$ cat upload-v5.cif   # mmCIF, C-alpha atoms
data_target
#
loop_
_atom_site.label_atom_id
_atom_site.label_comp_id
_atom_site.auth_asym_id
_atom_site.auth_seq_id
_atom_site.Cartn_x
_atom_site.Cartn_y
_atom_site.Cartn_z
CA MET V 1 0.00 0.00 0.00
CA ASN V 2 2.82 2.47 0.84
CA ILE V 3 4.48 1.84 -2.52
CA ILE V 4 1.26 2.75 -4.33
CA ALA V 5 0.80 5.76 -2.05
CA GLU V 6 4.34 6.95 -2.79
CA GLY V 7 3.67 6.40 -6.51
CA PHE V 8 0.82 8.91 -6.32
CA GLY V 9 3.19 11.20 -4.44
CA ALA V 10 5.76 10.88 -7.22
CA ILE V 11 3.16 11.80 -9.84
CA ALA V 12 2.24 14.84 -7.75
CA VAL V 13 5.90 15.91 -7.53
CA VAL V 14 6.40 15.75 -11.31
CA LEU V 15 3.17 17.59 -12.09
CA ASN V 16 3.78 20.33 -9.55
CA PHE V 17 7.38 20.72 -10.72
CA ILE V 18 5.94 21.50 -14.14
CA GLY V 19 3.21 23.68 -12.64
CA TYR V 20 5.51 25.96 -10.70
CA ARG V 21 7.41 26.77 -13.89
CA GLN V 22 4.36 28.29 -15.55
CA THR V 23 4.32 32.02 -16.19
CA ASN V 24 0.52 32.19 -16.29
CA VAL V 25 -1.45 31.76 -13.05
CA ASP V 26 -4.29 29.85 -14.74
CA LYS V 27 -1.88 27.33 -16.29
CA TYR V 28 -0.25 26.92 -12.90
CA LEU V 29 -3.64 26.39 -11.24
CA LEU V 30 -4.67 23.74 -13.79
CA ILE V 31 -1.50 21.69 -13.60
CA SER V 32 -1.38 22.12 -9.84
CA ALA V 33 -4.98 20.89 -9.53
CA PHE V 34 -4.00 17.55 -11.04
CA ALA V 35 -0.88 17.38 -8.87
CA LEU V 36 -2.94 18.10 -5.77
CA SER V 37 -5.42 15.35 -6.71
CA ALA V 38 -2.59 12.84 -6.86
CA LEU V 39 -1.16 14.16 -3.59
CA SER V 40 -4.56 13.87 -1.93
CA VAL V 41 -4.74 10.17 -2.83
CA HIS V 42 -1.19 9.80 -1.52
CA PHE V 43 -2.02 11.31 1.87
CA PHE V 44 -5.30 9.42 2.27
CA MET V 45 -3.46 6.18 1.58
CA LEU V 46 -1.02 7.10 4.37
CA ASP V 47 -3.94 7.85 6.72
CA ALA V 48 -2.91 11.52 6.89
CA MET V 49 -6.48 12.79 6.81
CA ALA V 50 -5.77 16.51 7.30
CA ALA V 51 -3.41 16.62 4.33
CA GLY V 52 -5.71 14.40 2.25
CA ILE V 53 -8.64 16.72 2.84
CA GLY V 54 -6.57 19.86 2.43
CA THR V 55 -5.07 18.78 -0.88
CA LEU V 56 -8.42 17.49 -2.19
CA LEU V 57 -10.04 20.83 -1.38
CA ALA V 58 -7.05 22.59 -2.96
CA SER V 59 -7.47 20.59 -6.15
CA VAL V 60 -11.16 21.49 -6.42
CA ARG V 61 -10.39 25.09 -5.46
CA ASN V 62 -7.77 25.39 -8.22
CA PHE V 63 -10.20 24.12 -10.85
CA VAL V 64 -12.80 26.62 -9.64
CA ALA V 65 -10.28 29.49 -9.38
CA ILE V 66 -9.36 29.22 -13.05
CA LYS V 67 -12.76 30.61 -14.07
CA HIS V 68 -14.40 31.94 -10.93
CA ARG V 69 -13.06 34.21 -8.23
CA SER V 70 -15.29 35.91 -5.76
CA ASN V 71 -15.57 36.52 -2.06
CA ILE V 72 -18.34 33.91 -1.87
CA ILE V 73 -16.05 31.23 -3.30
CA LEU V 74 -13.22 32.35 -1.03
CA PHE V 75 -15.43 32.26 2.07
CA PHE V 76 -16.84 28.86 1.03
CA PHE V 77 -13.40 27.24 0.77
CA VAL V 78 -12.17 28.89 3.97
CA ALA V 79 -15.32 27.71 5.79
CA VAL V 80 -14.98 24.15 4.48
CA ASN V 81 -11.32 24.04 5.57
CA LEU V 82 -12.23 25.34 9.03
CA GLY V 83 -15.16 22.91 9.22
CA PHE V 84 -12.92 19.92 8.52
CA LEU V 85 -10.35 21.24 10.99
CA ALA V 86 -13.01 21.49 13.68
CA TYR V 87 -14.31 18.00 12.84
CA GLU V 88 -10.84 16.45 13.07
CA TRP V 89 -9.95 18.33 16.25
CA PHE V 90 -13.20 18.08 18.22
CA VAL V 91 -14.84 14.91 16.89
CA LEU V 92 -11.97 12.69 15.76
CA ASP V 93 -9.59 14.01 18.43
CA HIS V 94 -6.63 14.16 16.04
CA SER V 95 -3.24 15.50 17.08
CA TRP V 96 -2.43 19.22 17.14
CA ILE V 97 -0.26 18.67 14.05
CA ILE V 98 -3.39 19.04 11.88
CA PHE V 99 -3.25 22.79 12.57
CA ILE V 100 -0.08 22.94 10.48
CA ALA V 101 -1.75 21.17 7.55
CA TYR V 102 -4.84 23.37 7.71
CA ALA V 103 -2.78 26.57 8.07
CA SER V 104 -0.96 25.62 4.87
CA SER V 105 -4.25 24.84 3.16
CA LEU V 106 -5.77 28.17 4.18
CA ILE V 107 -2.76 30.13 2.90
CA PHE V 108 -2.97 28.30 -0.41
CA THR V 109 -6.73 28.92 -0.54
CA VAL V 110 -6.49 32.66 -0.01
CA GLY V 111 -3.49 32.97 -2.33
CA SER V 112 -5.05 30.97 -5.16
CA LEU V 113 -8.34 32.85 -5.05
CA VAL V 114 -7.08 36.36 -4.39
CA ILE V 115 -3.62 36.77 -5.95
CA ARG V 116 -3.30 37.07 -9.74
CA ASN V 117 0.39 37.95 -9.97
CA THR V 118 2.73 34.95 -10.31
CA HIS V 119 5.61 36.64 -8.47
CA THR V 120 3.41 37.59 -5.52
CA ILE V 121 1.72 34.18 -5.35
CA ARG V 122 5.12 32.48 -5.23
CA LYS V 123 6.20 34.63 -2.28
CA VAL V 124 3.02 33.82 -0.36
CA PHE V 125 3.29 30.12 -1.19
CA LEU V 126 6.77 29.94 0.36
CA LEU V 127 5.14 29.96 3.79
CA ALA V 128 2.43 27.49 2.81
CA GLU V 129 4.96 25.08 1.29
CA THR V 130 7.15 25.31 4.39
CA LEU V 131 4.18 24.42 6.59
CA GLY V 132 3.29 21.58 4.21
CA LEU V 133 6.87 20.33 4.49
CA LEU V 134 6.68 20.27 8.28
CA TYR V 135 3.43 18.31 8.13
CA ALA V 136 4.70 15.85 5.51
CA ILE V 137 7.78 15.12 7.60
CA SER V 138 5.66 14.69 10.73
CA VAL V 139 3.42 12.05 9.10
CA GLY V 140 6.33 10.19 7.46
CA SER V 141 5.41 11.00 3.88
CA ILE V 142 8.42 10.46 1.65
CA PHE V 143 6.98 11.98 -1.51
CA GLY V 144 4.98 14.56 0.43
CA THR V 145 8.34 15.74 1.75
CA VAL V 146 9.93 15.57 -1.71
CA PHE V 147 6.86 17.40 -3.10
CA ASN V 148 7.27 20.31 -0.70
CA VAL V 149 11.07 20.49 -1.02
CA SER V 150 10.77 20.43 -4.81
CA ASN V 151 8.14 23.15 -4.69
CA LEU V 152 10.24 25.30 -2.38
CA ILE V 153 13.22 24.96 -4.71
CA SER V 154 11.03 25.75 -7.72
CA ILE V 155 9.58 28.83 -6.05
CA LEU V 156 12.96 30.11 -4.89
CA SER V 157 14.55 29.56 -8.31
CA LYS V 158 11.71 31.43 -10.04
CA LEU V 159 11.83 34.27 -7.50
CA ARG V 160 15.58 34.73 -8.10
CA LYS V 161 15.13 35.13 -11.86
CA PRO V 162 14.31 38.61 -13.12
#
$ encode --input "upload-v5.cif" --output "structure tokens"
Amino acid sequence: MNIIAEGFGAIAVVLNFIGYRQTNVDKYLLISAFALSALSVHFFMLDAMAAGIGTLLASVRNFVAIKHRSNIILFFFVAVNLGFLAYEWFVLDHSWIIFIAYASSLIFTVGSLVIRNTHTIRKVFLLAETLGLLYAISVGSIFGTVFNVSNLISILSKLRKP
């Protein structure tokens, strides 16, 4: 099962590596949506529910954000993230580490739905990717860790170029 899970993680890494090199936000969002879908499967297979939910919501959010951006959509995705966080914390009694995953998810949500400039979105996503890296390491996700490290390197390399 872990080999299959890591296979989905590897697919996510490759797709997001391609996505972060896009110069158009909508192209980035589309490629990233597929990467996030694969990463969601990866995390669910590792029983990392917070990351599975967060990346699934992120995938759907990216598809929606390509064509539709409004405060209603933003508030919907923020509310759904907070709802799942509350469910995991209060009902399922999951560890405090889920707050890191949901913080990352919320930063990505706001950034994807509000920011239209690729340079600005990359700067904001540095924090979200760092939080995602901490969570991936904490749940023992090999390709989740590689995914976040690869994304951080991609972001930093694109930010350094004029």
$ closest_residue --input "upload-v5.cif" --among "V:Thr145, V:Asn117, V:Asn2, V:Ser104" --to "V:Leu133" --atoms "all atoms listed in the file"
V:Thr145
$ residues_around --input "upload-v5.cif" --residues "V:Ser141" --least-positions-apart "5" --cutoff "9 Å" --atoms "all atoms listed in the file" --output "list in words"
Glu6, Gly9, His42, Phe43, Leu46, Ala48, Tyr135, Ala136 and Val146 of chain V
$ closest_residue --input "upload-v5.cif" --among "V:Val25, V:Ala101, V:Ile11, V:Leu127" --to "V:Thr55" --atoms "all atoms listed in the file"
V:Ala101
$ atom_distance --input "upload-v5.cif" --atom1 "atom CA of V:Asn151" --atom2 "atom CA of V:Leu131"
12.0 Å
$ atom_distance --input "upload-v5.cif" --atom1 "atom CA of V:Asn62" --atom2 "atom CA of V:Trp89"
25.6 Å
$ closest_residue --input "upload-v5.cif" --among "V:Leu159, V:Val78, V:Ser150, V:Gly140" --to "V:Ile18" --atoms "only C-alpha atoms"
V:Ser150
$ resolve_selection --input "upload-v5.cif" --expression "the PyMOL selection byres ((chain V and resi 111) around 10)" --output "NGL selection string"
:V and (74 or 105-110 or 112-117 or 120-125 or 128)
$ atom_distance --input "upload-v5.cif" --atom1 "atom CA of V:Ala5" --atom2 "atom CA of V:Gly54"
16.5 Å
$ closest_residue --input "upload-v5.cif" --among "V:Trp96, V:Lys27, V:Phe143, V:Lys158" --to "V:Ser40" --atoms "only C-alpha atoms"
V:Phe143
$ resolve_selection --input "upload-v5.cif" --expression "the PyMOL selection byres ((chain V and resi 60) around 10)" --output "list in words"
Ala33, Phe34, Leu36, Ser37, Thr55, Leu56, Leu57, Ala58, Ser59, Arg61, Asn62, Phe63, Val64, Ala65 and Phe77 of chain V
$ closest_residue --input "upload-v5.cif" --among "V:Val139, V:Ile66, V:Met45, V:Leu134" --to "V:Ser32" --atoms "only C-alpha atoms"
V:Ile66
